[in-house]
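Reproduced below: start-v5.csv, with CSV, C-alpha atoms.
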chain,number,residue,atom,x,y,z
A,278,MET,CA,31.8,91.5,139.3
A,279,GLU,CA,35.0,91.0,137.3
A,280,PRO,CA,38.1,90.4,139.4
A,281,ARG,CA,40.8,93.1,139.3
A,282,VAL,CA,43.9,91.6,137.8
A,283,LEU,CA,47.5,93.0,138.2
A,284,VAL,CA,50.4,91.8,136.2
A,285,VAL,CA,53.6,92.1,138.2
A,286,ILE,CA,56.9,92.0,136.2
A,287,PRO,CA,60.1,92.0,138.1
A,288,ALA,CA,62.9,93.4,135.8
A,289,TYR,CA,66.6,93.6,136.2
A,290,ASN,CA,68.6,95.0,133.3
A,291,GLU,CA,65.9,94.2,130.7
A,292,GLU,CA,66.1,97.3,128.6
A,293,LYS,CA,66.1,95.3,125.3
A,294,THR,CA,63.0,93.2,126.1
A,295,ILE,CA,60.8,95.0,128.5
A,296,ALA,CA,59.1,97.3,125.9
A,297,ALA,CA,58.0,94.4,123.8
A,298,VAL,CA,56.5,92.6,126.8
A,299,ILE,CA,54.6,95.7,127.9
A,300,MET,CA,53.3,96.5,124.3
A,301,LYS,CA,52.1,92.9,123.9
A,302,LEU,CA,50.4,92.9,127.2
A,303,ARG,CA,48.7,96.2,126.4
A,304,GLN,CA,47.5,94.7,123.1
A,305,ILE,CA,46.4,91.3,124.4
A,306,VAL,CA,45.0,92.1,127.8
A,307,PRO,CA,44.3,95.8,128.1
A,308,GLU,CA,41.9,95.0,131.0
A,309,PHE,CA,44.8,93.8,133.2
A,310,ASP,CA,46.7,96.4,135.1
A,311,ARG,CA,50.5,96.2,135.0
A,312,VAL,CA,53.4,97.2,137.3
A,313,ILE,CA,57.0,96.8,136.6
A,314,VAL,CA,59.3,96.1,139.6
A,315,ASN,CA,62.6,97.6,138.6
A,316,ASP,CA,65.1,95.7,140.7
A,317,GLY,CA,67.8,98.4,140.7
A,318,SER,CA,68.7,97.9,137.0
A,319,LYS,CA,72.0,99.4,135.9
A,320,ASP,CA,70.9,99.8,132.3
A,321,ASN,CA,68.1,101.9,130.8
A,322,THR,CA,65.2,99.7,132.0
A,323,ARG,CA,63.9,102.5,134.2
A,324,GLN,CA,63.9,105.0,131.3
A,325,VAL,CA,62.3,102.6,128.9
A,326,VAL,CA,59.5,101.9,131.3
A,327,ASN,CA,59.1,105.6,132.0
A,328,ASP,CA,58.9,106.5,128.3
A,329,LEU,CA,56.1,104.0,128.0
A,330,GLY,CA,54.2,105.6,130.9
A,331,GLU,CA,54.0,102.4,132.8
A,332,LYS,CA,53.6,102.1,136.5
A,333,GLN,CA,57.0,101.4,138.0
A,334,LEU,CA,58.0,100.2,141.5
A,335,ALA,CA,61.6,101.6,141.4
A,336,LEU,CA,63.7,99.8,144.0
A,337,PRO,CA,66.7,101.9,145.1
A,338,CYS,CA,69.0,98.9,144.9
A,339,ASN,CA,69.1,95.3,143.6
A,340,ILE,CA,67.4,93.1,146.1
A,341,GLY,CA,67.0,89.9,144.1
A,342,TYR,CA,64.1,88.2,142.2
A,343,GLY,CA,62.1,86.9,145.2
A,344,PRO,CA,62.0,90.2,147.3
A,345,ALA,CA,61.4,92.2,144.0
A,346,LEU,CA,58.4,90.0,143.3
A,347,GLN,CA,57.3,90.4,146.9
A,348,THR,CA,57.3,94.2,146.4
A,349,GLY,CA,54.8,93.8,143.6
A,350,LEU,CA,52.6,91.5,145.7
A,351,LYS,CA,52.7,94.0,148.6
A,352,TYR,CA,51.6,96.8,146.2
A,353,ALA,CA,48.9,94.6,144.7
A,354,LEU,CA,47.4,93.8,148.2
A,355,LEU,CA,47.6,97.5,149.1
A,356,GLN,CA,45.6,98.4,146.0
A,357,GLY,CA,43.1,95.7,146.6
A,358,TYR,CA,43.7,93.5,143.5
A,359,ASP,CA,42.0,90.1,143.5
A,360,ILE,CA,44.3,88.2,141.2
A,361,ILE,CA,48.1,88.7,140.6
A,362,VAL,CA,50.0,87.4,137.6
A,363,SER,CA,53.7,87.2,137.9
A,364,MET,CA,55.7,87.0,134.7
A,365,ASP,CA,59.3,87.6,133.6
A,366,ALA,CA,60.5,90.7,131.7
A,367,ASP,CA,62.9,88.8,129.4
A,368,GLY,CA,60.3,88.0,126.8
A,369,GLN,CA,60.4,84.2,127.5
A,370,HIS,CA,56.8,84.2,128.8
A,371,GLN,CA,54.1,84.8,126.3
A,372,PRO,CA,51.5,87.5,127.3
A,373,GLU,CA,48.9,85.4,125.4
A,374,ASP,CA,49.1,82.8,128.2
A,375,ALA,CA,48.3,85.3,130.9
A,376,PRO,CA,44.5,85.4,130.3
A,377,ARG,CA,44.5,81.6,129.9
A,378,LEU,CA,46.2,81.2,133.3
A,379,VAL,CA,43.7,83.6,134.9
A,380,THR,CA,40.8,81.6,133.4
A,381,ALA,CA,42.3,78.4,134.7
A,382,LEU,CA,42.6,79.9,138.2
A,383,LEU,CA,38.9,80.9,138.1
A,384,THR,CA,37.5,77.7,136.6
A,385,THR,CA,39.6,75.3,138.8
A,386,ARG,CA,39.0,77.5,141.9
A,387,ALA,CA,42.7,77.2,142.6
A,388,ASP,CA,44.7,79.6,144.8
A,389,MET,CA,47.7,79.4,142.6
A,390,VAL,CA,48.2,78.4,139.0
A,391,ILE,CA,51.7,77.6,137.7
A,392,GLY,CA,52.4,78.2,134.1
A,393,SER,CA,54.3,75.0,133.3
A,394,ARG,CA,57.0,74.2,130.7
A,395,PHE,CA,56.9,70.5,131.4
A,396,CYS,CA,53.4,69.2,132.0
A,397,GLU,CA,51.4,67.4,129.4
A,398,GLY,CA,54.5,66.1,127.7
A,399,GLN,CA,55.8,69.5,126.7
A,400,ALA,CA,59.5,69.8,125.7
A,401,TYR,CA,61.6,72.7,126.9
A,402,ASP,CA,65.3,72.6,126.4
A,403,THR,CA,67.2,73.1,129.7
A,404,PRO,CA,70.8,72.2,130.7
A,405,PHE,CA,71.2,68.7,132.1
A,406,SER,CA,72.2,69.8,135.6
A,407,ARG,CA,69.2,72.1,135.9
A,408,ARG,CA,66.8,69.5,134.5
A,409,MET,CA,68.0,67.0,137.1
A,410,GLY,CA,67.3,69.5,139.9
A,411,GLN,CA,63.9,70.2,138.4
A,412,LEU,CA,63.1,66.5,138.2
A,413,LEU,CA,64.1,66.0,141.9
A,414,PHE,CA,62.1,68.9,143.1
A,415,SER,CA,59.2,67.9,140.9
A,416,HIS,CA,59.0,64.4,142.5
A,417,LEU,CA,59.4,66.0,146.0
A,418,THR,CA,56.1,67.9,145.5
A,419,ARG,CA,54.3,64.5,145.5
A,420,LEU,CA,55.0,64.3,149.2
A,421,PHE,CA,53.0,67.4,149.9
A,422,LEU,CA,50.3,67.4,147.2
A,423,ASP,CA,48.0,64.8,145.9
A,424,HIS,CA,49.5,65.4,142.5
A,425,ARG,CA,52.9,66.1,141.0
A,426,ILE,CA,54.0,69.6,140.0
A,427,TYR,CA,56.2,69.3,136.9
A,428,ASP,CA,57.6,72.8,136.8
A,429,THR,CA,58.5,73.9,140.3
A,430,SER,CA,60.7,76.8,139.1
A,431,SER,CA,58.4,78.6,136.7
A,432,GLY,CA,58.2,82.4,137.2
A,433,PHE,CA,54.9,82.5,135.3
A,434,LYS,CA,52.3,82.2,138.0
A,435,VAL,CA,48.8,83.5,138.8
A,436,LEU,CA,47.8,83.9,142.5
A,437,ARG,CA,44.7,84.9,144.4
A,438,ALA,CA,45.1,87.7,146.9
A,439,ASN,CA,44.7,85.2,149.8
A,440,ALA,CA,47.8,83.3,148.6
A,441,CYS,CA,49.7,86.6,148.2
A,442,GLU,CA,48.9,87.5,151.8
A,443,VAL,CA,50.7,84.4,152.9
A,444,LEU,CA,53.7,85.0,150.7
A,445,VAL,CA,54.4,88.7,151.2
A,446,ASN,CA,56.1,88.1,154.6
A,447,GLY,CA,57.6,84.7,153.8
A,448,ILE,CA,61.3,83.7,153.7
A,449,PHE,CA,61.0,82.8,150.0
A,450,MET,CA,64.0,83.1,147.8
A,451,ASP,CA,62.7,82.7,144.3
A,452,PHE,CA,59.1,81.6,144.8
A,453,HIS,CA,59.8,78.1,143.7
A,454,ILE,CA,59.2,74.7,145.5
A,455,GLU,CA,59.4,76.3,149.0
A,456,THR,CA,56.3,78.4,148.0
A,457,ILE,CA,54.5,75.4,146.7
A,458,VAL,CA,55.2,73.4,149.9
A,459,HIS,CA,54.2,76.4,152.1
A,460,LEU,CA,50.9,77.0,150.3
A,461,SER,CA,50.0,73.3,150.2
A,462,LEU,CA,50.7,73.0,154.0
A,463,LEU,CA,48.1,75.7,154.4
A,464,ASN,CA,45.6,73.6,152.3
A,465,LEU,CA,45.7,76.1,149.4
A,466,LYS,CA,45.0,74.6,146.0
A,467,ILE,CA,47.8,74.6,143.4
A,468,VAL,CA,47.4,73.5,139.8
A,469,GLU,CA,49.6,73.5,136.8
A,470,PHE,CA,48.7,74.7,133.3
A,471,PRO,CA,50.8,74.4,130.2
A,472,VAL,CA,52.3,77.5,128.7
A,473,THR,CA,54.8,78.3,125.9
A,474,VAL,CA,58.2,79.5,127.0
A,475,LEU,CA,60.6,80.9,124.4
A,476,GLU,CA,64.4,80.8,124.6
A,477,ARG,CA,66.1,83.8,126.0
A,478,THR,CA,67.2,86.2,123.2
A,479,PHE,CA,68.9,89.0,125.1
A,480,GLY,CA,70.7,89.4,128.4
A,481,GLN,CA,71.9,86.7,130.8
A,482,SER,CA,70.0,84.2,132.8
A,483,MET,CA,70.1,84.7,136.6
A,484,HIS,CA,71.4,81.1,136.9
A,485,SER,CA,75.2,81.3,136.9
A,486,ILE,CA,77.6,78.4,137.1
A,487,ALA,CA,77.9,79.0,140.9
A,488,SER,CA,74.1,78.8,141.2
A,489,VAL,CA,74.1,75.3,139.8
A,490,PHE,CA,75.3,74.2,143.2
A,491,GLN,CA,74.1,77.1,145.3
A,492,TYR,CA,70.5,77.1,144.1
A,493,PRO,CA,69.5,73.5,144.9
A,494,LEU,CA,71.1,73.7,148.3
A,495,LYS,CA,69.4,77.0,149.1
A,496,THR,CA,66.1,75.7,147.9
A,497,VAL,CA,66.4,72.4,149.9
A,498,LEU,CA,67.3,74.4,153.1
A,499,LEU,CA,64.4,76.8,152.6
A,500,THR,CA,62.0,73.9,152.0
A,501,ILE,CA,63.2,72.2,155.2
A,502,ALA,CA,62.9,75.6,157.1
A,503,VAL,CA,59.3,76.0,155.8
A,504,LEU,CA,58.5,72.4,156.9
A,505,MET,CA,60.1,73.0,160.3
A,506,ASP,CA,58.2,76.2,160.7
A,507,ALA,CA,54.8,74.5,159.9
A,508,PHE,CA,55.6,71.6,162.2
A,509,LEU,CA,56.5,73.8,165.1
A,510,ILE,CA,53.5,76.1,164.6
A,511,ARG,CA,51.2,73.1,164.5
A,512,ARG,CA,52.8,71.7,167.6
A,513,ILE,CA,52.4,74.9,169.5
A,514,ARG,CA,48.8,75.3,168.5
B,123,MET,CA,101.1,77.1,181.1
B,124,SER,CA,104.4,78.8,182.1
B,125,LEU,CA,104.4,82.1,183.9
B,126,ARG,CA,105.9,83.8,180.8
B,127,GLY,CA,103.1,82.3,178.6
B,128,ILE,CA,100.4,83.6,181.0
B,129,ILE,CA,102.0,87.1,181.1
B,130,PHE,CA,102.2,87.1,177.3
B,131,VAL,CA,98.6,86.1,176.8
B,132,ASN,CA,97.5,88.7,179.3
B,133,ILE,CA,99.5,91.5,177.8
B,134,LEU,CA,98.1,90.6,174.4
B,135,SER,CA,94.6,90.5,175.8
B,136,VAL,CA,95.0,94.0,177.4
B,137,VAL,CA,96.3,95.4,174.1
B,138,PHE,CA,93.2,93.8,172.4
B,139,LEU,CA,90.9,95.3,175.0
B,140,LEU,CA,92.5,98.8,174.5
B,141,LEU,CA,92.0,98.4,170.7
B,142,ILE,CA,88.3,97.6,171.2
B,143,LEU,CA,87.9,100.6,173.5
B,144,ASN,CA,89.5,102.8,171.0
B,145,LEU,CA,87.2,101.5,168.3
B,146,VAL,CA,84.2,102.4,170.5
B,147,ARG,CA,85.7,105.8,171.2
B,148,THR,CA,86.2,106.6,167.5
B,149,LYS,CA,82.7,105.3,166.8
B,150,LYS,CA,83.9,102.6,164.5
B,151,LEU,CA,82.5,99.8,166.7
B,152,ASN,CA,79.0,99.5,168.1
B,153,ILE,CA,79.0,99.2,171.9
B,154,SER,CA,76.8,96.0,171.7
B,155,TYR,CA,79.5,94.3,169.6
B,156,ALA,CA,82.3,95.7,171.8
B,157,VAL,CA,80.6,93.9,174.8
B,158,ILE,CA,80.8,90.5,172.9
B,159,TRP,CA,84.5,91.0,172.1
B,160,PHE,CA,85.2,92.3,175.7
B,161,LEU,CA,83.6,89.1,177.2
B,162,ALA,CA,85.5,86.9,174.7
B,163,VAL,CA,88.9,88.4,175.7
B,164,LEU,CA,88.0,88.5,179.4
B,165,SER,CA,87.1,84.8,179.3
B,166,LEU,CA,90.4,84.0,177.6
B,167,MET,CA,92.3,85.9,180.3
B,168,VAL,CA,90.4,84.1,183.1
B,169,THR,CA,90.9,80.7,181.5
B,170,VAL,CA,94.7,81.2,181.1
B,171,SER,CA,95.3,82.9,184.5
B,172,THR,CA,93.3,80.6,186.8
B,173,PRO,CA,93.3,76.8,187.5
B,174,LEU,CA,90.5,76.6,185.0
B,175,LEU,CA,93.2,76.0,182.3
B,176,MET,CA,94.2,72.8,184.1
B,177,ALA,CA,90.6,71.7,184.9
B,178,LEU,CA,89.3,72.3,181.3
B,179,PRO,CA,91.3,69.4,179.7
B,180,ARG,CA,90.1,67.0,182.3
B,181,LEU,CA,86.5,68.2,181.9
B,182,ILE,CA,86.4,67.6,178.1
B,183,GLY,CA,88.8,64.7,178.0
B,184,ALA,CA,91.7,66.5,176.3
B,185,GLN,CA,95.3,65.4,176.9
B,186,TYR,CA,96.9,68.9,176.9
B,187,PRO,CA,95.8,72.3,178.1
B,188,ALA,CA,96.8,73.7,174.7
B,189,SER,CA,94.3,71.5,172.9
B,190,ALA,CA,91.5,72.4,175.3
B,191,LEU,CA,92.3,76.1,174.9
B,192,SER,CA,92.2,75.7,171.1
B,193,LEU,CA,88.9,74.0,171.2
B,194,PHE,CA,87.6,76.7,173.6
B,195,ALA,CA,88.8,79.4,171.2
B,196,PHE,CA,87.3,77.6,168.2
B,197,VAL,CA,83.8,77.3,169.9
B,198,LEU,CA,84.0,81.0,170.9
B,199,ILE,CA,84.9,82.1,167.3
B,200,PHE,CA,82.2,79.8,165.9
B,201,LEU,CA,79.6,81.3,168.2
B,202,THR,CA,80.8,84.8,167.4
B,203,LEU,CA,80.6,84.1,163.6
B,204,ILE,CA,77.0,82.8,164.0
B,205,PHE,CA,76.1,85.9,166.0
B,206,PHE,CA,77.5,88.1,163.2
B,207,SER,CA,75.7,86.1,160.5
B,208,VAL,CA,72.4,86.7,162.4
B,209,GLN,CA,73.2,90.4,162.7
B,210,LEU,CA,74.0,90.6,159.0
B,211,SER,CA,70.9,88.7,158.0
B,212,ALA,CA,68.8,91.1,160.1
B,213,ILE,CA,70.4,94.2,158.5
B,214,SER,CA,69.9,92.6,155.1
B,215,ALA,CA,66.2,91.9,155.8
B,216,ARG,CA,65.8,95.5,157.0
B,217,GLN,CA,67.4,96.8,153.9
B,218,VAL,CA,65.0,94.8,151.7
B,219,GLU,CA,62.0,96.0,153.7
B,220,LEU,CA,63.3,99.6,153.4
B,221,ALA,CA,63.9,99.3,149.6
B,222,GLN,CA,60.4,97.8,149.2
B,223,ALA,CA,58.8,100.6,151.2
B,224,ILE,CA,60.6,103.3,149.3
B,225,ALA,CA,59.5,101.8,145.9
B,226,ILE,CA,55.8,101.4,147.0
B,227,LYS,CA,55.6,104.8,148.6
B,228,GLY,CA,57.2,106.4,145.5
B,229,LEU,CA,54.6,104.8,143.2
B,230,LEU,CA,51.7,105.6,145.5
B,231,ALA,CA,52.8,109.2,145.7
B,232,GLN,CA,53.0,109.5,141.9
B,233,GLU,CA,49.6,107.9,141.6
B,234,ALA,CA,48.2,110.4,144.1
B,235,GLU,CA,49.6,113.2,142.0
B,236,GLY,CA,47.9,111.7,139.0
B,237,GLY,CA,51.0,110.5,137.0
B,238,THR,CA,52.4,107.1,136.4
B,239,ALA,CA,55.9,107.8,135.1
B,240,ASP,CA,58.6,107.7,137.7
B,241,PRO,CA,60.4,111.1,137.9
B,242,GLY,CA,63.7,109.3,138.1
So that I can check it, write out the structure of this file as structure tokens.
Amino acid sequence: MEPRVLVVIPAYNEEKTIAAVIMKLRQIVPEFDRVIVNDGSKDNTRQVVNDLGEKQLALPCNIGYGPALQTGLKYALLQGYDIIVSMDADGQHQPEDAPRLVTALLTTRADMVIGSRFCEGQAYDTPFSRRMGQLLFSHLTRLFLDHRIYDTSSGFKVLRANACEVLVNGIFMDFHIETIVHLSLLNLKIVEFPVTVLERTFGQSMHSIASVFQYPLKTVLLTIAVLMDAFLIRRIR
Amino acid sequence: MSLRGIIFVNILSVVFLLLILNLVRTKKLNISYAVIWFLAVLSLMVTVSTPLLMALPRLIGAQYPASALSLFAFVLIFLTLIFFSVQLSAISARQVELAQAIAIKGLLAQEAEGGTADPG
């Protein structure tokens, strides 16, 4: 039996790009179901999604990327989906890569496949400060996995339902390295697969100047909290 | 501390306690938080008005009662702030859960009715 796949797309003020993402997904993978998680957008995202007749999880206020994605995962589990694809609404992720990532998940028997911008010698232009953070976190994954994850902050992921069950009640901020550490501590298999990521054409990145300092600190603290949690639970058991 | 100082701190504390009580009466302050502030003010009054103020510097190795009192106040404020951060985090987590539940129930209701478009 073919696995049921749901594409979860968190969106915040993406009225200019969301329609193209949806149309492309409809064209390339009509067999995948889709749900847009509208994270309290202030622009016309809600209307654009409605006009296209797409399923929409309309959050009454902005709760942030991680919790918005969690909403999609909760919905997927409630509806009994086997595989969940998470991708951005800004048009940077290519819908063509979604079926390739799902195939990679099935053939490698992994629990999570990360669509990577940096593995296999790919080049993706990111600001120096962010690149340094990514390098640091990337090397940190070696401590928990038998291989290195090159792109720890990719929003393009494919997960099995069992991995989602772990993540729906977690303390995850943006589903980055803390998620990788958490899943690997539970002996779930994580692999990376190269994808093409385009430059952002409309809107603003969620990474502001303040987040250059705030994001790494938050991620490090969360990762330590996840490790502490795993250590204490194992000790108690 | 001089008698005048003790009287001054006590009067200030009583005014503060009355303010807390009034906030509870006008439903602007939750009784659970009022208890925290009440205990904080009461402990300040007890420390200043009893020999504890003289014993406290010896206990923590401070030279002056004023420094011991400042440290005591700082620890109290620090603990209160942590308490409020925990409360805020709990409220924030509940808000997220509520928003998620509203969004999921909304979509499930639309699907049950046979439509996909959000009524807005």
Seminar exercise, completed: Pairwise distance, atom CA of A:Leu499 with atom CA of A:His416, equals 16.9 Å
Problem set entry | Nearby residues (all atoms listed in the file) at most 9 Å from stretch 129-136 of chain B, same-chain spacing under 2 positions excluded, as a list in words |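 So, after excluding close chain neighbours, the residues are Ser124, Leu125, Arg126, Gly127, Phe138, Leu139, Leu140, Leu141, Val163, Leu164, Leu166, Met167, Val170 and Ser171 of chain B.
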Exercise. Neighbours of stretch 283-288 of chain A within 8 Å (only C-alpha atoms; same-chain residues fewer than 6 positions away dropped), as number ranges by chain?
Worked result: A: 295, 309-316, 318, 322, 342, 345-346, 349-350, 353, 358, 360-367
Exercise. By how many Å are atom CA of A:Leu444 and atom CA of A:Lys351 apart?
Worked result: 9.3 Å
For this session: Could you please tell me, as a count of residues only, which residues of chain A have an atom within 6 Å of chain B when using only C-alpha atoms?
Result: 8
For this session: Could you tell me how far atom CA of A:Leu498 lies from atom CA of A:Thr418, in Å and to one decimal?
Result: 15.0 Å
For this session: Quick one: everything within 9 Å of A:Ala440, counting all atoms listed in the file, minus sequence neighbours fewer than 6 positions away in the same chain. Send it as an MDAnalysis selection string.
Result: chainID A and resid 388:389 460 465
For this session: Using only C-alpha atoms, determine which residues lie at most 10 Å from stretch 184-199 of chain B, disregarding the query and same-chain residues fewer than 3 positions distant; provide the list as a ChimeraX atom specification.
Result: /B:123,162,165-166,169-170,174-181,202-205
Write a file of the selected residues as a PDB file, in the frame of the given file, keeping C-alpha atoms.
ATOM      1  CA  MET B 123     101.100  77.100 181.100  1.00  0.00           C
ATOM      2  CA  ALA B 162      85.500  86.900 174.700  1.00  0.00           C
ATOM      3  CA  SER B 165      87.100  84.800 179.300  1.00  0.00           C
ATOM      4  CA  LEU B 166      90.400  84.000 177.600  1.00  0.00           C
ATOM      5  CA  THR B 169      90.900  80.700 181.500  1.00  0.00           C
ATOM      6  CA  VAL B 170      94.700  81.200 181.100  1.00  0.00           C
ATOM      7  CA  LEU B 174      90.500  76.600 185.000  1.00  0.00           C
ATOM      8  CA  LEU B 175      93.200  76.000 182.300  1.00  0.00           C
ATOM      9  CA  MET B 176      94.200  72.800 184.100  1.00  0.00           C
ATOM     10  CA  ALA B 177      90.600  71.700 184.900  1.00  0.00           C
ATOM     11  CA  LEU B 178      89.300  72.300 181.300  1.00  0.00           C
ATOM     12  CA  PRO B 179      91.300  69.400 179.700  1.00  0.00           C
ATOM     13  CA  ARG B 180      90.100  67.000 182.300  1.00  0.00           C
ATOM     14  CA  LEU B 181      86.500  68.200 181.900  1.00  0.00           C
ATOM     15  CA  THR B 202      80.800  84.800 167.400  1.00  0.00           C
ATOM     16  CA  LEU B 203      80.600  84.100 163.600  1.00  0.00           C
ATOM     17  CA  ILE B 204      77.000  82.800 164.000  1.00  0.00           C
ATOM     18  CA  PHE B 205      76.100  85.900 166.000  1.00  0.00           C
TER      19      PHE B 205
END
Problem set entry | Residue among A:Lys466, A:Arg386, A:His370, A:Arg394 lying closest to A:Ile299, counting only C-alpha atoms |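 The shortest atom-to-atom distance to A:Ile299 comes from A:His370.
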For this session: Check the smallest atom-to-atom distance from each of A:Ala387, A:Cys396, A:Ile305, A:Met278 to A:Thr473 using only C-alpha atoms, then report the winner.
Result: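 Among the listed residues, A:Cys396 lies closest to A:Thr473.
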Seminar exercise, completed: Counting all atoms listed in the file, the residue among A:Gly432, A:Gly368, A:Pro344, A:Pro493 that lies closest to A:Ile391 is A:Gly432
Problem set entry | Pick from A:Val390, A:Val472, A:Leu422, A:Val306 nearest to A:His459, counting all atoms listed in the file |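 Counting all atoms listed in the file, the residue closest to A:His459 is A:Leu422.
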